[in-house]
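**Student:** Before anything else, here's the structure in question.
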Amino acid sequence: MRPQLPAPGFSLLEMLLVLVLIAAATLLAMAAFSGGLRGIQLRSAAKEVAAQMRFSRALAIASGQPQDVIIDPAARTWRAAKDRHGQLPSGGEVVFTGARAAQLGITDNPAASLGAVRFFPDGAATGGRLRLQTNGAGWDVDVRWLTGEVQLQRAGSAP
């Protein structure tokens with residue numbers, strides 16, 4: 001009688017080792033392409049601000065009342081309609097370009113260099129750009145003044 005040979009194929013241990021190697025390579029590739037954890041945090045914060053701006057615009061249209069989104073780059077905070085608020089990530093740059101809060105009559109803290117985007121009931125807005133960046137890479141949240149459209153894109157890319 002012949003001795004029985006093991007069946008051809010891969011063992012469970014070999015399969016698990018290959019899966020672990022693939023997962024590690026994928027994580028390294030994602031970190032390299034997205035700028036690492038800081039890039040993920042910036043993108044997440046930019047997506048949140050963009051979503052709150054879209055919400056404020058929709059509320060302005062539905063309620064017939066102007067709605068403001070206030071950006072405080074120094075304190076790294078934002079405030080939107082219906083008392084929604086949040087923090088922007090620490091580290092990196094936070095730059096707001098647009099209407100100053102004082103021009104819109106928002107005087108909660110006149111000493112601060114607050115920025116604001118006001119959304120009007122017709123869908124228009126005062127416009128502006130919030131840029132979150134670190135190490136030369138980042139995200140822009142752009143608000144078009146005529147249409148009030150909110151766009152999220154990589155910093156420096158063409159609209």
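Going through the structure tokens in order, the chains are called A, B, and so on, while each chain numbers its residues from 1 and the ligands are numbered from 1 in the order shown.
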May I have the residues within 10 Å of A:Trp78 as a PDB file with N, CA and C atoms, in the first residue's frame, using only C-alpha atoms and disregarding those fewer than 6 positions away in the same chain?

**Tutor:**
ATOM      1  N   VAL A  49     -18.429  70.280   6.771  1.00  0.00           N
ATOM      2  CA  VAL A  49     -18.762  71.692   6.567  1.00  0.00           C
ATOM      3  C   VAL A  49     -19.594  71.855   5.294  1.00  0.00           C
ATOM      4  N   GLN A  52     -23.139  70.799   5.964  1.00  0.00           N
ATOM      5  CA  GLN A  52     -23.870  71.769   6.776  1.00  0.00           C
ATOM      6  C   GLN A  52     -24.217  73.018   5.968  1.00  0.00           C
ATOM      7  N   VAL A  69     -23.774  80.574   7.807  1.00  0.00           N
ATOM      8  CA  VAL A  69     -22.759  79.626   8.271  1.00  0.00           C
ATOM      9  C   VAL A  69     -21.560  80.480   8.647  1.00  0.00           C
ATOM     10  N   ILE A  70     -21.174  80.416   9.921  1.00  0.00           N
ATOM     11  CA  ILE A  70     -20.099  81.246  10.453  1.00  0.00           C
ATOM     12  C   ILE A  70     -18.845  80.380  10.593  1.00  0.00           C
ATOM     13  N   ILE A  71     -17.732  80.903  10.083  1.00  0.00           N
ATOM     14  CA  ILE A  71     -16.451  80.211  10.166  1.00  0.00           C
ATOM     15  C   ILE A  71     -15.517  81.061  11.015  1.00  0.00           C
ATOM     16  N   ASP A  72     -14.902  80.462  12.022  1.00  0.00           N
ATOM     17  CA  ASP A  72     -13.899  81.154  12.835  1.00  0.00           C
ATOM     18  C   ASP A  72     -12.571  80.431  12.650  1.00  0.00           C
ATOM     19  N   ARG A  84     -26.367  74.153  14.700  1.00  0.00           N
ATOM     20  CA  ARG A  84     -25.374  73.093  14.434  1.00  0.00           C
ATOM     21  C   ARG A  84     -23.995  73.725  14.483  1.00  0.00           C
ATOM     22  N   HIS A  85     -23.045  73.016  15.047  1.00  0.00           N
ATOM     23  CA  HIS A  85     -21.698  73.554  15.177  1.00  0.00           C
ATOM     24  C   HIS A  85     -20.684  72.418  15.224  1.00  0.00           C
ATOM     25  N   GLY A  86     -19.427  72.778  15.029  1.00  0.00           N
ATOM     26  CA  GLY A  86     -18.392  71.756  15.053  1.00  0.00           C
ATOM     27  C   GLY A  86     -17.006  72.352  15.065  1.00  0.00           C
ATOM     28  N   GLN A  87     -16.023  71.469  15.176  1.00  0.00           N
ATOM     29  CA  GLN A  87     -14.613  71.824  15.229  1.00  0.00           C
ATOM     30  C   GLN A  87     -13.941  71.459  13.917  1.00  0.00           C
ATOM     31  N   LEU A  88     -12.952  72.240  13.548  1.00  0.00           N
ATOM     32  CA  LEU A  88     -12.091  71.913  12.419  1.00  0.00           C
ATOM     33  C   LEU A  88     -10.821  71.290  12.995  1.00  0.00           C
ATOM     34  N   LEU A 114     -14.084  86.634  12.110  1.00  0.00           N
ATOM     35  CA  LEU A 114     -15.051  85.647  11.655  1.00  0.00           C
ATOM     36  C   LEU A 114     -15.340  85.841  10.169  1.00  0.00           C
ATOM     37  N   GLY A 115     -15.629  84.743   9.511  1.00  0.00           N
ATOM     38  CA  GLY A 115     -16.113  84.806   8.139  1.00  0.00           C
ATOM     39  C   GLY A 115     -17.494  84.186   8.106  1.00  0.00           C
ATOM     40  N   ALA A 116     -18.263  84.547   7.097  1.00  0.00           N
ATOM     41  CA  ALA A 116     -19.623  84.023   7.028  1.00  0.00           C
ATOM     42  C   ALA A 116     -20.050  83.829   5.591  1.00  0.00           C
TER      43      ALA A 116
END

**Student:** Which parts of chain A does DSSP call alpha helix (DSSP H) when run on the backbone here, written out as a VMD selection string?

**Tutor:** chain A and resid 12 to 34 36 to 63

**Student:** List the neighbours of A:Gly39 out to 10 Å using only C-alpha atoms; skip same-chain residues closer than 6 positions along the sequence, and give me the result as a PyMOL selection string.

**Tutor:** chain A and resi 31-33+45+132-135+137-139

**Student:** Save the residues we just selected, all heavy atoms, as a short mmCIF file (atom, residue, chain, number, x, y, z; two decimals), in the first residue's frame?

**Tutor:**
data_model
loop_
_atom_site.label_atom_id
_atom_site.label_comp_id
_atom_site.auth_asym_id
_atom_site.auth_seq_id
_atom_site.Cartn_x
_atom_site.Cartn_y
_atom_site.Cartn_z
N ALA A 31 -2.56 55.26 2.66
CA ALA A 31 -1.90 56.33 3.41
C ALA A 31 -1.04 57.18 2.48
O ALA A 31 -1.00 58.41 2.61
CB ALA A 31 -1.06 55.75 4.54
N ALA A 32 -0.36 56.56 1.55
CA ALA A 32 0.50 57.30 0.62
C ALA A 32 -0.31 58.19 -0.30
O ALA A 32 0.08 59.32 -0.59
CB ALA A 32 1.35 56.33 -0.19
N PHE A 33 -1.45 57.70 -0.78
CA PHE A 33 -2.24 58.47 -1.74
C PHE A 33 -3.11 59.53 -1.08
O PHE A 33 -3.43 60.54 -1.69
CB PHE A 33 -3.10 57.55 -2.60
CG PHE A 33 -2.31 56.76 -3.59
CD1 PHE A 33 -2.31 55.38 -3.56
CD2 PHE A 33 -1.55 57.40 -4.56
CE1 PHE A 33 -1.57 54.65 -4.47
CE2 PHE A 33 -0.81 56.68 -5.47
CZ PHE A 33 -0.82 55.30 -5.43
N ALA A 45 -13.52 66.67 7.71
CA ALA A 45 -13.99 67.97 8.18
C ALA A 45 -14.57 68.80 7.04
O ALA A 45 -15.60 69.45 7.19
CB ALA A 45 -12.84 68.73 8.86
N LEU A 132 -8.94 74.02 3.85
CA LEU A 132 -8.27 73.27 4.92
C LEU A 132 -7.07 72.59 4.28
O LEU A 132 -7.25 71.79 3.36
CB LEU A 132 -9.21 72.22 5.50
CG LEU A 132 -10.54 72.71 6.04
CD1 LEU A 132 -11.42 71.53 6.44
CD2 LEU A 132 -10.33 73.62 7.21
N GLN A 133 -5.85 72.92 4.75
CA GLN A 133 -4.70 72.29 4.12
C GLN A 133 -3.58 72.07 5.11
O GLN A 133 -3.46 72.76 6.11
CB GLN A 133 -4.23 73.07 2.91
CG GLN A 133 -3.45 74.32 3.16
CD GLN A 133 -3.04 74.96 1.85
OE1 GLN A 133 -3.84 75.05 0.93
NE2 GLN A 133 -1.82 75.43 1.77
N THR A 134 -2.76 71.10 4.78
CA THR A 134 -1.56 70.79 5.53
C THR A 134 -0.54 70.21 4.57
O THR A 134 -0.90 69.48 3.65
CB THR A 134 -1.85 69.82 6.70
OG1 THR A 134 -0.66 69.64 7.46
CG2 THR A 134 -2.34 68.48 6.21
N ASN A 135 0.71 70.55 4.77
CA ASN A 135 1.80 70.06 3.93
C ASN A 135 1.53 70.26 2.44
O ASN A 135 1.82 69.39 1.62
CB ASN A 135 2.08 68.58 4.20
CG ASN A 135 2.50 68.34 5.63
OD1 ASN A 135 3.11 69.20 6.26
ND2 ASN A 135 2.16 67.18 6.16
N ALA A 137 -1.16 70.12 0.74
CA ALA A 137 -2.33 69.43 0.18
C ALA A 137 -3.53 69.72 1.08
O ALA A 137 -3.38 69.95 2.28
CB ALA A 137 -2.09 67.93 0.11
N GLY A 138 -4.71 69.70 0.50
CA GLY A 138 -5.88 69.97 1.31
C GLY A 138 -7.16 69.95 0.50
O GLY A 138 -7.19 69.43 -0.62
N TRP A 139 -8.20 70.55 1.08
CA TRP A 139 -9.54 70.54 0.51
C TRP A 139 -10.13 71.92 0.52
O TRP A 139 -9.93 72.68 1.47
CB TRP A 139 -10.44 69.57 1.28
CG TRP A 139 -9.99 68.17 1.12
CD1 TRP A 139 -9.10 67.49 1.92
CD2 TRP A 139 -10.35 67.27 0.08
NE1 TRP A 139 -8.91 66.23 1.43
CE2 TRP A 139 -9.67 66.07 0.30
CE3 TRP A 139 -11.19 67.36 -1.02
CZ2 TRP A 139 -9.79 64.97 -0.53
CZ3 TRP A 139 -11.32 66.27 -1.85
CH2 TRP A 139 -10.63 65.09 -1.60
#

**Student:** Write out as a ChimeraX atom specification the set of residues from chain A that DSSP, computed on the backbone, places in strand (DSSP E or B).

**Tutor:** /A:67-72,77-79,85-87,93-100,115-119,125,128-134,137-143,150-154

**Student:** Restricted to C-alpha atoms, what would the selected residues look like written as a compact mmCIF listing (two decimals), in the first residue's frame?

**Tutor:**
# COMPACT_ATOMS: atom_id res chain seq x y z
CA GLN A 67 -29.37 81.35 7.01
CA ASP A 68 -25.73 81.94 7.98
CA VAL A 69 -22.76 79.63 8.27
CA ILE A 70 -20.10 81.25 10.45
CA ILE A 71 -16.45 80.21 10.17
CA ASP A 72 -13.90 81.15 12.84
CA THR A 77 -14.89 76.26 14.64
CA TRP A 78 -17.98 76.57 12.46
CA ARG A 79 -21.62 77.29 13.24
CA HIS A 85 -21.70 73.55 15.18
CA GLY A 86 -18.39 71.76 15.05
CA GLN A 87 -14.61 71.82 15.23
CA GLU A 93 -4.04 75.87 7.81
CA VAL A 94 -7.63 77.07 7.93
CA VAL A 95 -8.28 79.93 5.51
CA PHE A 96 -11.66 81.49 4.82
CA THR A 97 -12.15 83.85 1.88
CA GLY A 98 -15.51 85.53 1.59
CA ALA A 99 -17.87 87.90 3.34
CA ARG A 100 -16.81 89.11 6.75
CA GLY A 115 -16.11 84.81 8.14
CA ALA A 116 -19.62 84.02 7.03
CA VAL A 117 -21.61 82.67 4.14
CA ARG A 118 -25.21 83.81 4.05
CA PHE A 119 -27.72 81.73 2.09
CA ALA A 125 -25.45 83.12 -1.32
CA GLY A 128 -16.87 82.13 -0.24
CA ARG A 129 -14.20 79.48 0.13
CA LEU A 130 -13.02 77.52 3.13
CA ARG A 131 -9.59 75.95 2.58
CA LEU A 132 -8.27 73.27 4.92
CA GLN A 133 -4.70 72.29 4.12
CA THR A 134 -1.56 70.79 5.53
CA ALA A 137 -2.33 69.43 0.18
CA GLY A 138 -5.88 69.97 1.31
CA TRP A 139 -9.54 70.54 0.51
CA ASP A 140 -11.62 73.51 -0.61
CA VAL A 141 -15.29 74.03 0.19
CA ASP A 142 -16.50 76.54 -2.40
CA VAL A 143 -19.85 78.35 -2.34
CA VAL A 150 -21.61 74.13 -2.53
CA GLN A 151 -18.69 72.18 -4.00
CA LEU A 152 -15.99 70.12 -2.35
CA GLN A 153 -12.72 69.63 -4.21
CA ARG A 154 -9.01 69.16 -3.66

**Student:** Kindly indicate which residue among A:Trp145, A:Val20, A:Ser113, A:Pro89 lies nearest to A:Ser44, using only C-alpha atoms for the distances.

**Tutor:** A:Pro89

**Student:** Residues at most 9 Å from A:Gln65, counting only C-alpha atoms, excluding those fewer than 6 positions away in the same chain, as a list in words?

**Tutor:**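 Using only C-alpha atoms, the neighbours found are Leu59, Phe119, Phe120 and Pro121 of chain A.
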
**Student:** To one decimal place, how far is atom CA of A:Phe55 from atom CA of A:Gly92 in Å?

**Tutor:** 26.2 Å
